[in-house]
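Colleague: The following block contains the structure, expressed as structure tokens.
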Amino acid sequence: MPSISVIIPVYQAETYLKKCVESVVKQTFSDWELLLVDDGCTDDSPAICDACAAEDDRIRVFHKRKNGGVSAARNLGLNEAKGDYIAFLDVDDRFEFRALETMWCLREQTGADTVGCAHLNLYANGNKCVEPLLPSGVYDDQGIREKIVAPLLGDRLTAPVFNGFIWRYLFSAEVIRSARLTFEGAYLEDELFLMEYFCNAKKLAVTEQPLYRYFLNPSSATHRYMKDFQKVFDRFMERKEALVKKYELEKLRPQWRENSNWAGLLIAIGNEYAVGNDISVRKRQKNVQALCQRPDMAKAIAEITPMGLTPNKQMVANLVKGGHFFVLTQMYRLKNRI
């Protein structure tokens with residue numbers, strides 16, 4: 001049985017796939033299995049997956065007939081994984097070659113059930129920067145709640161936001177299975193998985209070494225217009241509400257709903273004015289105004305004044321708070337050339 005199962009959802013990834021797989025194959029830690037989940041690809045990705053598996057018997061491929069989304073692909077990987085620990089890798093990213101060894105050794109040294117690392121952000125223009133997870137050290141269950149669960153729950157409006165990236169952790173398969181954790185949805189799926197996982201984990205070891213190379217891909221799902229974003233976000237909030245009740249998290253951040261709704265509102269506004277939305281600018285403005293008038297969003301706008309956001313988001317928040325929707329629309333028209 002392998003020590004670590006690495007799960008990679010694959011969709012239309014012929015450009016990135018070989019380099020991504022290579023970053024696993026060349027790991028200095030060799031006791032792993034790699035699960036490639038072909039999520040109904042129509043390009044050359046399925047053939048590349050099969051070719052990789054033919055070259056290394058530690059690689060297993062699962063072909064899905066229809067595209068079901070990243071959550072379903074990861075869930076399939078979790079069901080098939082044989083390792084005692086689980087790592088996730090996005091197909092357009094890469095591990096540093098000592099990533100698995102470094103996290104495995106840190107886990108053994110500390111007795112932690114989970115290990116986390118910093119990562120390297122790589123931008124299309126060639127710029128790069130290290131993004132830390134937390135200061136190096138070992139965190140007990142109380143520290144985990146304070147440093148990970150609480151920020152994911154209700155600290156979504158102060159930069160830097162604590163990102164719910166699942167690929168910067170080595171997870172305990174036992175924790176995942178005993179808590180029956182799964183992914184749901186096409187967006188924000190990482191945050192809830194991570195939040196619930198860390199409601200069950202007992203000990204986290206963190207290194208500040210950047211062991212993951214995160215390529216900020218302008219064509220990824222997080223940068224495209226989502227027609228059903230509001231439906232996705234409403235389901236996200238419904239599931240988050242259930243987690244708060246299940247794990248008694250209300251006292252951690254009493255205003256988590258308002259904070260989360262503000263954060264979701266800012267994403268929804270950016271989505272409404274995205275280039276891929278084919279409705280008129282006037283209609284977009286009306287949709288944004290209607291969204292801000294929803295009781296949940298109106299309550300968040302009335303009760304919280306966001307401060308400390310990135311400059312662009314702060315400008316949007318200020319315009320929304322002041323009800324300046326025409327100015328907001330003109331700003332997005334210039335920014336996105338719509």
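Identifiers for the structure tokens are assigned positionally: chains receive A, B, ... in sequence, residues are indexed from 1 per chain, and ligands are indexed from 1 in the order shown.
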Can you check which parts of segment 201-236 of chain A lie within 10 Å of segment 240-263 of chain A? Per residue, the shortest pair of atoms and distance in Å to one decimal, counting only C-alpha atoms, sorted by chain and number, as a Markdown table.
Modeller:
```
| residue | atom | partner | partner_atom | distance |
| --- | --- | --- | --- | --- |
| A:Phe233 | CA | A:Asn261 | CA | 9.0 |
| A:Asp234 | CA | A:Asn261 | CA | 9.5 |
| A:Arg235 | CA | A:Lys240 | CA | 8.5 |
| A:Phe236 | CA | A:Lys240 | CA | 6.1 |
```
Colleague: List the neighbours of segment 158-174 of chain A out to 6 Å using only C-alpha atoms; skip same-chain residues closer than 5 positions along the sequence, and give me the result as a PDB file with C-alpha atoms, in the first residue's frame.
Modeller:
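So result.pdb came out as:
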```
ATOM      1  CA  ASP A  84      -2.598   6.562   4.255  1.00  0.00           C
ATOM      2  CA  TYR A  85      -2.227  10.227   3.318  1.00  0.00           C
ATOM      3  CA  ILE A  86      -3.765  12.286   0.540  1.00  0.00           C
ATOM      4  CA  ALA A  87      -2.317  15.128  -1.518  1.00  0.00           C
ATOM      5  CA  PHE A  88      -4.117  17.103  -4.209  1.00  0.00           C
ATOM      6  CA  LEU A  89      -2.487  18.617  -7.264  1.00  0.00           C
ATOM      7  CA  ASP A 113      -1.984  14.129  11.332  1.00  0.00           C
ATOM      8  CA  THR A 114      -1.693  16.929   8.750  1.00  0.00           C
ATOM      9  CA  VAL A 115       1.128  18.926   7.184  1.00  0.00           C
ATOM     10  CA  GLY A 116       0.887  22.274   5.389  1.00  0.00           C
ATOM     11  CA  CYS A 117       3.340  24.342   3.368  1.00  0.00           C
ATOM     12  CA  ASP A 190     -12.062  23.879  -1.381  1.00  0.00           C
ATOM     13  CA  GLU A 191     -13.059  26.180   1.466  1.00  0.00           C
ATOM     14  CA  GLY A 308      -8.366  46.666   4.454  1.00  0.00           C
ATOM     15  CA  LEU A 309      -9.311  45.055   1.155  1.00  0.00           C
TER      16      LEU A 309
END
```
Colleague: Excluding segment 275-281 of chain A and any residue of its chain fewer than 2 positions from it, enumerate the residues within 9 Å of it, using only C-alpha atoms, and give them as number ranges by chain.
Modeller: A: 224-227, 271-273, 283-286, 329, 333, 336-338
Colleague: Those same residues - all heavy atoms - I'd like them written as a short mmCIF file (atom, residue, chain, number, x, y, z; two decimals), in the first residue's frame.
Modeller:
```cif
data_model
loop_
_atom_site.label_atom_id
_atom_site.label_comp_id
_atom_site.auth_asym_id
_atom_site.auth_seq_id
_atom_site.Cartn_x
_atom_site.Cartn_y
_atom_site.Cartn_z
N ARG A 224 -13.40 32.99 -15.18
CA ARG A 224 -14.41 32.99 -16.22
C ARG A 224 -15.77 33.37 -15.66
O ARG A 224 -16.07 33.16 -14.48
CB ARG A 224 -14.50 31.61 -16.89
CG ARG A 224 -13.24 31.19 -17.62
CD ARG A 224 -13.52 30.01 -18.54
NE ARG A 224 -13.99 28.84 -17.82
CZ ARG A 224 -13.21 27.87 -17.38
NH1 ARG A 224 -11.91 27.94 -17.55
NH2 ARG A 224 -13.72 26.83 -16.75
N TYR A 225 -16.64 33.89 -16.54
CA TYR A 225 -18.00 34.21 -16.13
C TYR A 225 -18.76 32.95 -15.79
O TYR A 225 -18.73 31.96 -16.53
CB TYR A 225 -18.71 34.95 -17.26
CG TYR A 225 -20.19 35.13 -17.00
CD1 TYR A 225 -20.63 35.95 -15.97
CD2 TYR A 225 -21.14 34.46 -17.79
CE1 TYR A 225 -21.99 36.10 -15.72
CE2 TYR A 225 -22.50 34.62 -17.55
CZ TYR A 225 -22.92 35.44 -16.51
OH TYR A 225 -24.25 35.58 -16.27
N MET A 226 -19.42 32.96 -14.63
CA MET A 226 -20.24 31.83 -14.20
C MET A 226 -21.70 32.25 -14.22
O MET A 226 -22.13 33.09 -13.43
CB MET A 226 -19.85 31.37 -12.79
CG MET A 226 -18.53 30.66 -12.70
SD MET A 226 -18.21 30.07 -11.00
CE MET A 226 -19.56 28.91 -10.78
N LYS A 227 -22.46 31.66 -15.13
CA LYS A 227 -23.86 32.03 -15.30
C LYS A 227 -24.68 31.78 -14.04
O LYS A 227 -25.60 32.53 -13.71
CB LYS A 227 -24.45 31.27 -16.49
CG LYS A 227 -25.86 31.71 -16.87
CD LYS A 227 -26.33 30.99 -18.12
CE LYS A 227 -27.72 31.47 -18.53
NZ LYS A 227 -28.18 30.79 -19.77
N ASN A 271 -18.24 39.00 -11.19
CA ASN A 271 -18.74 38.02 -12.14
C ASN A 271 -19.78 38.63 -13.07
O ASN A 271 -19.81 38.35 -14.27
CB ASN A 271 -19.35 36.84 -11.37
CG ASN A 271 -19.82 35.72 -12.28
OD1 ASN A 271 -19.03 35.10 -12.98
ND2 ASN A 271 -21.12 35.47 -12.27
N GLU A 272 -20.64 39.48 -12.53
CA GLU A 272 -21.70 40.10 -13.33
C GLU A 272 -21.11 40.97 -14.44
O GLU A 272 -21.65 41.03 -15.55
CB GLU A 272 -22.61 40.94 -12.44
CG GLU A 272 -23.87 41.43 -13.12
CD GLU A 272 -24.83 40.30 -13.50
OE1 GLU A 272 -24.90 39.29 -12.76
OE2 GLU A 272 -25.50 40.43 -14.54
N TYR A 273 -20.00 41.62 -14.16
CA TYR A 273 -19.38 42.51 -15.15
C TYR A 273 -18.27 41.81 -15.94
O TYR A 273 -17.52 42.47 -16.67
CB TYR A 273 -18.83 43.75 -14.46
CG TYR A 273 -19.89 44.68 -13.93
CD1 TYR A 273 -20.09 44.82 -12.55
CD2 TYR A 273 -20.70 45.41 -14.79
CE1 TYR A 273 -21.06 45.67 -12.06
CE2 TYR A 273 -21.68 46.26 -14.30
CZ TYR A 273 -21.86 46.39 -12.93
OH TYR A 273 -22.83 47.24 -12.44
N LYS A 283 -28.55 46.08 -17.99
CA LYS A 283 -29.14 44.94 -17.30
C LYS A 283 -28.21 44.45 -16.19
O LYS A 283 -28.66 44.06 -15.10
CB LYS A 283 -29.42 43.82 -18.30
CG LYS A 283 -29.96 42.53 -17.69
CD LYS A 283 -31.31 42.74 -17.01
CE LYS A 283 -31.87 41.40 -16.54
NZ LYS A 283 -33.13 41.58 -15.75
N ARG A 284 -26.92 44.47 -16.44
CA ARG A 284 -25.97 44.05 -15.42
C ARG A 284 -26.08 44.94 -14.19
O ARG A 284 -26.04 44.46 -13.06
CB ARG A 284 -24.54 44.09 -15.97
CG ARG A 284 -24.29 43.16 -17.13
CD ARG A 284 -22.82 43.15 -17.49
NE ARG A 284 -22.58 42.80 -18.89
CZ ARG A 284 -21.42 42.41 -19.37
NH1 ARG A 284 -20.39 42.31 -18.57
NH2 ARG A 284 -21.27 42.11 -20.64
N GLN A 285 -26.17 46.25 -14.42
CA GLN A 285 -26.30 47.18 -13.29
C GLN A 285 -27.56 46.88 -12.49
O GLN A 285 -27.54 46.88 -11.26
CB GLN A 285 -26.33 48.62 -13.80
CG GLN A 285 -26.43 49.65 -12.66
CD GLN A 285 -26.39 51.08 -13.16
OE1 GLN A 285 -25.65 51.40 -14.10
NE2 GLN A 285 -27.18 51.95 -12.56
N LYS A 286 -28.67 46.60 -13.17
CA LYS A 286 -29.92 46.28 -12.48
C LYS A 286 -29.77 44.99 -11.67
O LYS A 286 -30.29 44.89 -10.56
CB LYS A 286 -31.05 46.14 -13.48
CG LYS A 286 -31.52 47.47 -14.08
CD LYS A 286 -32.73 47.27 -14.99
CE LYS A 286 -33.23 48.61 -15.52
NZ LYS A 286 -34.42 48.43 -16.41
N THR A 329 -20.69 50.75 -12.37
CA THR A 329 -20.83 50.16 -13.70
C THR A 329 -19.84 50.79 -14.68
O THR A 329 -19.21 50.08 -15.48
CB THR A 329 -22.27 50.35 -14.21
OG1 THR A 329 -23.16 49.68 -13.31
CG2 THR A 329 -22.43 49.75 -15.60
N ARG A 333 -16.91 49.06 -16.85
CA ARG A 333 -16.91 49.20 -18.33
C ARG A 333 -15.51 49.55 -18.82
O ARG A 333 -15.04 49.01 -19.82
CB ARG A 333 -17.89 50.29 -18.76
CG ARG A 333 -19.36 49.88 -18.67
CD ARG A 333 -20.26 50.91 -19.32
NE ARG A 333 -20.12 50.92 -20.78
CZ ARG A 333 -20.80 51.73 -21.58
NH1 ARG A 333 -21.67 52.60 -21.07
NH2 ARG A 333 -20.63 51.68 -22.89
N ASN A 336 -12.96 46.39 -17.88
CA ASN A 336 -13.14 45.16 -18.66
C ASN A 336 -13.44 45.41 -20.13
O ASN A 336 -13.66 44.46 -20.90
CB ASN A 336 -14.25 44.30 -18.05
CG ASN A 336 -13.89 43.79 -16.67
OD1 ASN A 336 -12.72 43.78 -16.28
ND2 ASN A 336 -14.88 43.36 -15.91
N ARG A 337 -13.49 46.70 -20.50
CA ARG A 337 -13.75 47.08 -21.90
C ARG A 337 -15.03 46.45 -22.42
O ARG A 337 -15.06 45.80 -23.47
CB ARG A 337 -12.56 46.68 -22.79
CG ARG A 337 -11.27 47.38 -22.38
CD ARG A 337 -10.11 46.96 -23.27
NE ARG A 337 -8.87 47.64 -22.85
CZ ARG A 337 -7.71 47.45 -23.44
NH1 ARG A 337 -7.59 46.65 -24.48
NH2 ARG A 337 -6.63 48.08 -23.00
N ILE A 338 -16.09 46.64 -21.68
CA ILE A 338 -17.39 46.08 -22.09
C ILE A 338 -18.34 47.18 -22.53
O ILE A 338 -18.13 48.34 -22.26
CB ILE A 338 -18.03 45.28 -20.92
CG1 ILE A 338 -18.13 46.15 -19.65
CG2 ILE A 338 -17.23 44.03 -20.64
CD1 ILE A 338 -18.81 45.44 -18.49
#
```
Colleague: Quick one: residues within 12 Å of Ala73 of chain A, only C-alpha atoms counted, chain neighbours fewer than 5 positions away excluded, as a count of residues only?
Modeller: 30
Colleague: At what distance in Å, to one decimal, does atom CA of Thr207 of chain A lie from atom CA of Leu134 of chain A?
Modeller: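 Interatomic distance, atom CA of Leu134 of chain A to atom CA of Thr207 of chain A: 7.9 Å.
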Colleague: What are the DSSP helix (DSSP H, G or I) residues of segment 51-277 of chain A, as a VMD selection string?
Modeller: chain A and resid 51 to 55 70 to 80 99 to 110 141 to 154 166 to 168 173 to 178 189 to 200 221 to 223 229 to 246 250 to 252 256 to 272
Colleague: Would you save the residues of that selection, restricted to C-alpha atoms, as an mmCIF file, in the first residue's frame?
Modeller:
```
data_model
loop_
_atom_site.group_PDB
_atom_site.id
_atom_site.type_symbol
_atom_site.label_atom_id
_atom_site.label_comp_id
_atom_site.auth_asym_id
_atom_site.auth_seq_id
_atom_site.Cartn_x
_atom_site.Cartn_y
_atom_site.Cartn_z
ATOM 1 C CA ALA A 51 0.741 6.851 -21.767
ATOM 2 C CA CYS A 52 1.905 8.090 -18.351
ATOM 3 C CA ALA A 53 0.348 5.055 -16.645
ATOM 4 C CA ALA A 54 2.054 2.721 -19.126
ATOM 5 C CA GLU A 55 5.429 4.171 -18.132
ATOM 6 C CA VAL A 70 -13.688 19.048 -10.270
ATOM 7 C CA SER A 71 -15.571 18.028 -7.114
ATOM 8 C CA ALA A 72 -16.871 14.785 -8.602
ATOM 9 C CA ALA A 73 -13.392 14.039 -9.987
ATOM 10 C CA ARG A 74 -11.769 14.550 -6.593
ATOM 11 C CA ASN A 75 -14.428 12.444 -4.893
ATOM 12 C CA LEU A 76 -13.723 9.606 -7.318
ATOM 13 C CA GLY A 77 -10.035 9.931 -6.469
ATOM 14 C CA LEU A 78 -10.783 9.825 -2.741
ATOM 15 C CA ASN A 79 -12.896 6.685 -3.177
ATOM 16 C CA GLU A 80 -10.119 4.931 -5.089
ATOM 17 C CA ALA A 99 7.538 18.396 -1.683
ATOM 18 C CA LEU A 100 6.304 14.966 -0.644
ATOM 19 C CA GLU A 101 9.542 14.039 1.145
ATOM 20 C CA THR A 102 9.585 17.312 3.087
ATOM 21 C CA MET A 103 5.968 17.002 4.218
ATOM 22 C CA TRP A 104 6.281 13.286 5.001
ATOM 23 C CA CYS A 105 9.379 13.796 7.142
ATOM 24 C CA LEU A 106 7.803 16.749 8.955
ATOM 25 C CA ARG A 107 4.760 14.613 9.725
ATOM 26 C CA GLU A 108 6.951 11.840 11.130
ATOM 27 C CA GLN A 109 9.053 14.241 13.193
ATOM 28 C CA THR A 110 6.064 15.987 14.783
ATOM 29 C CA ASP A 141 -6.653 21.498 17.734
ATOM 30 C CA GLN A 142 -7.199 24.860 19.448
ATOM 31 C CA GLY A 143 -4.531 26.501 17.319
ATOM 32 C CA ILE A 144 -6.079 24.967 14.213
ATOM 33 C CA ARG A 145 -9.475 26.429 15.075
ATOM 34 C CA GLU A 146 -8.010 29.865 15.675
ATOM 35 C CA LYS A 147 -5.612 29.972 12.709
ATOM 36 C CA ILE A 148 -7.531 28.072 10.022
ATOM 37 C CA VAL A 149 -11.178 27.356 10.875
ATOM 38 C CA ALA A 150 -11.973 30.857 12.170
ATOM 39 C CA PRO A 151 -10.408 32.719 9.200
ATOM 40 C CA LEU A 152 -12.179 30.417 6.717
ATOM 41 C CA LEU A 153 -15.413 30.936 8.601
ATOM 42 C CA GLY A 154 -15.533 34.679 8.954
ATOM 43 C CA ILE A 166 -6.413 22.239 -0.543
ATOM 44 C CA TRP A 167 -3.243 21.531 -2.523
ATOM 45 C CA ARG A 168 -0.881 22.952 0.094
ATOM 46 C CA ALA A 173 -6.931 9.663 4.822
ATOM 47 C CA GLU A 174 -8.210 8.398 8.171
ATOM 48 C CA VAL A 175 -9.558 11.828 9.118
ATOM 49 C CA ILE A 176 -11.185 12.237 5.696
ATOM 50 C CA ARG A 177 -12.852 8.824 5.836
ATOM 51 C CA SER A 178 -13.942 8.921 9.461
ATOM 52 C CA GLU A 189 -15.531 23.759 -2.962
ATOM 53 C CA ASP A 190 -12.062 23.879 -1.381
ATOM 54 C CA GLU A 191 -13.059 26.180 1.466
ATOM 55 C CA LEU A 192 -15.790 24.004 2.940
ATOM 56 C CA PHE A 193 -13.795 20.789 2.588
ATOM 57 C CA LEU A 194 -10.867 22.438 4.328
ATOM 58 C CA MET A 195 -12.993 23.982 7.051
ATOM 59 C CA GLU A 196 -14.659 20.685 7.937
ATOM 60 C CA TYR A 197 -11.423 18.729 7.705
ATOM 61 C CA PHE A 198 -9.786 21.026 10.230
ATOM 62 C CA CYS A 199 -12.767 20.712 12.543
ATOM 63 C CA ASN A 200 -11.707 17.060 12.796
ATOM 64 C CA ALA A 221 -12.561 28.565 -13.777
ATOM 65 C CA THR A 222 -11.959 31.303 -11.211
ATOM 66 C CA HIS A 223 -11.436 33.867 -13.999
ATOM 67 C CA PHE A 229 -22.788 31.869 -9.639
ATOM 68 C CA GLN A 230 -25.544 33.085 -7.320
ATOM 69 C CA LYS A 231 -27.051 29.611 -7.142
ATOM 70 C CA VAL A 232 -23.595 28.178 -6.402
ATOM 71 C CA PHE A 233 -22.970 30.778 -3.696
ATOM 72 C CA ASP A 234 -26.382 30.230 -2.073
ATOM 73 C CA ARG A 235 -25.638 26.512 -1.828
ATOM 74 C CA PHE A 236 -22.212 27.336 -0.406
ATOM 75 C CA MET A 237 -23.817 29.435 2.340
ATOM 76 C CA GLU A 238 -26.380 26.720 3.040
ATOM 77 C CA ARG A 239 -23.631 24.150 3.528
ATOM 78 C CA LYS A 240 -21.543 26.582 5.587
ATOM 79 C CA GLU A 241 -24.547 27.176 7.864
ATOM 80 C CA ALA A 242 -24.828 23.414 8.392
ATOM 81 C CA LEU A 243 -21.127 23.164 9.325
ATOM 82 C CA VAL A 244 -21.454 26.023 11.817
ATOM 83 C CA LYS A 245 -24.316 24.196 13.505
ATOM 84 C CA LYS A 246 -22.643 20.765 13.392
ATOM 85 C CA GLU A 250 -20.968 30.437 15.924
ATOM 86 C CA LYS A 251 -18.939 31.904 18.787
ATOM 87 C CA LEU A 252 -15.723 31.846 16.747
ATOM 88 C CA TRP A 256 -19.554 35.195 9.861
ATOM 89 C CA ARG A 257 -22.739 35.363 7.754
ATOM 90 C CA GLU A 258 -22.437 39.075 7.041
ATOM 91 C CA ASN A 259 -18.718 38.759 6.424
ATOM 92 C CA SER A 260 -19.175 35.810 4.062
ATOM 93 C CA ASN A 261 -22.055 37.487 2.242
ATOM 94 C CA TRP A 262 -19.981 40.631 1.673
ATOM 95 C CA ALA A 263 -17.161 38.521 0.275
ATOM 96 C CA GLY A 264 -19.583 36.626 -1.942
ATOM 97 C CA LEU A 265 -21.175 39.872 -3.066
ATOM 98 C CA LEU A 266 -17.846 41.264 -4.226
ATOM 99 C CA ILE A 267 -17.212 38.089 -6.226
ATOM 100 C CA ALA A 268 -20.738 38.171 -7.649
ATOM 101 C CA ILE A 269 -20.341 41.788 -8.784
ATOM 102 C CA GLY A 270 -17.069 41.012 -10.521
ATOM 103 C CA ASN A 271 -18.745 38.018 -12.138
ATOM 104 C CA GLU A 272 -21.697 40.103 -13.335
#
```
Colleague: Considering only C-alpha atoms, state which residue in the set A:Ser45, A:Arg282, A:Phe97, A:Ala290 is at the smallest distance from Thr28 of chain A.
Modeller: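 Among A:Ser45, A:Arg282, A:Phe97, A:Ala290, it is A:Phe97 that comes nearest to Thr28 of chain A.
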Colleague: Please provide the set of residues having any atom within 6 Å of Gln27 of chain A, restricted to only C-alpha atoms, with same-chain residues fewer than 2 positions apart removed, written as a list in words.
Modeller: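 Non-adjacent residues within range: Val24, Val25, Phe29, Phe97 and Arg98 of chain A.
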Colleague: Any chance you could export the current selection's C-alpha atoms as a CSV table (one decimal), in the first residue's frame?
Modeller:
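What follows is the written file selection-v2.csv:
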```
chain,number,residue,atom,x,y,z
A,24,VAL,CA,5.2,13.8,-9.2
A,25,VAL,CA,7.3,11.1,-10.9
A,29,PHE,CA,10.0,10.5,-2.1
A,97,PHE,CA,10.6,17.9,-6.4
A,98,ARG,CA,11.1,17.6,-2.6
```
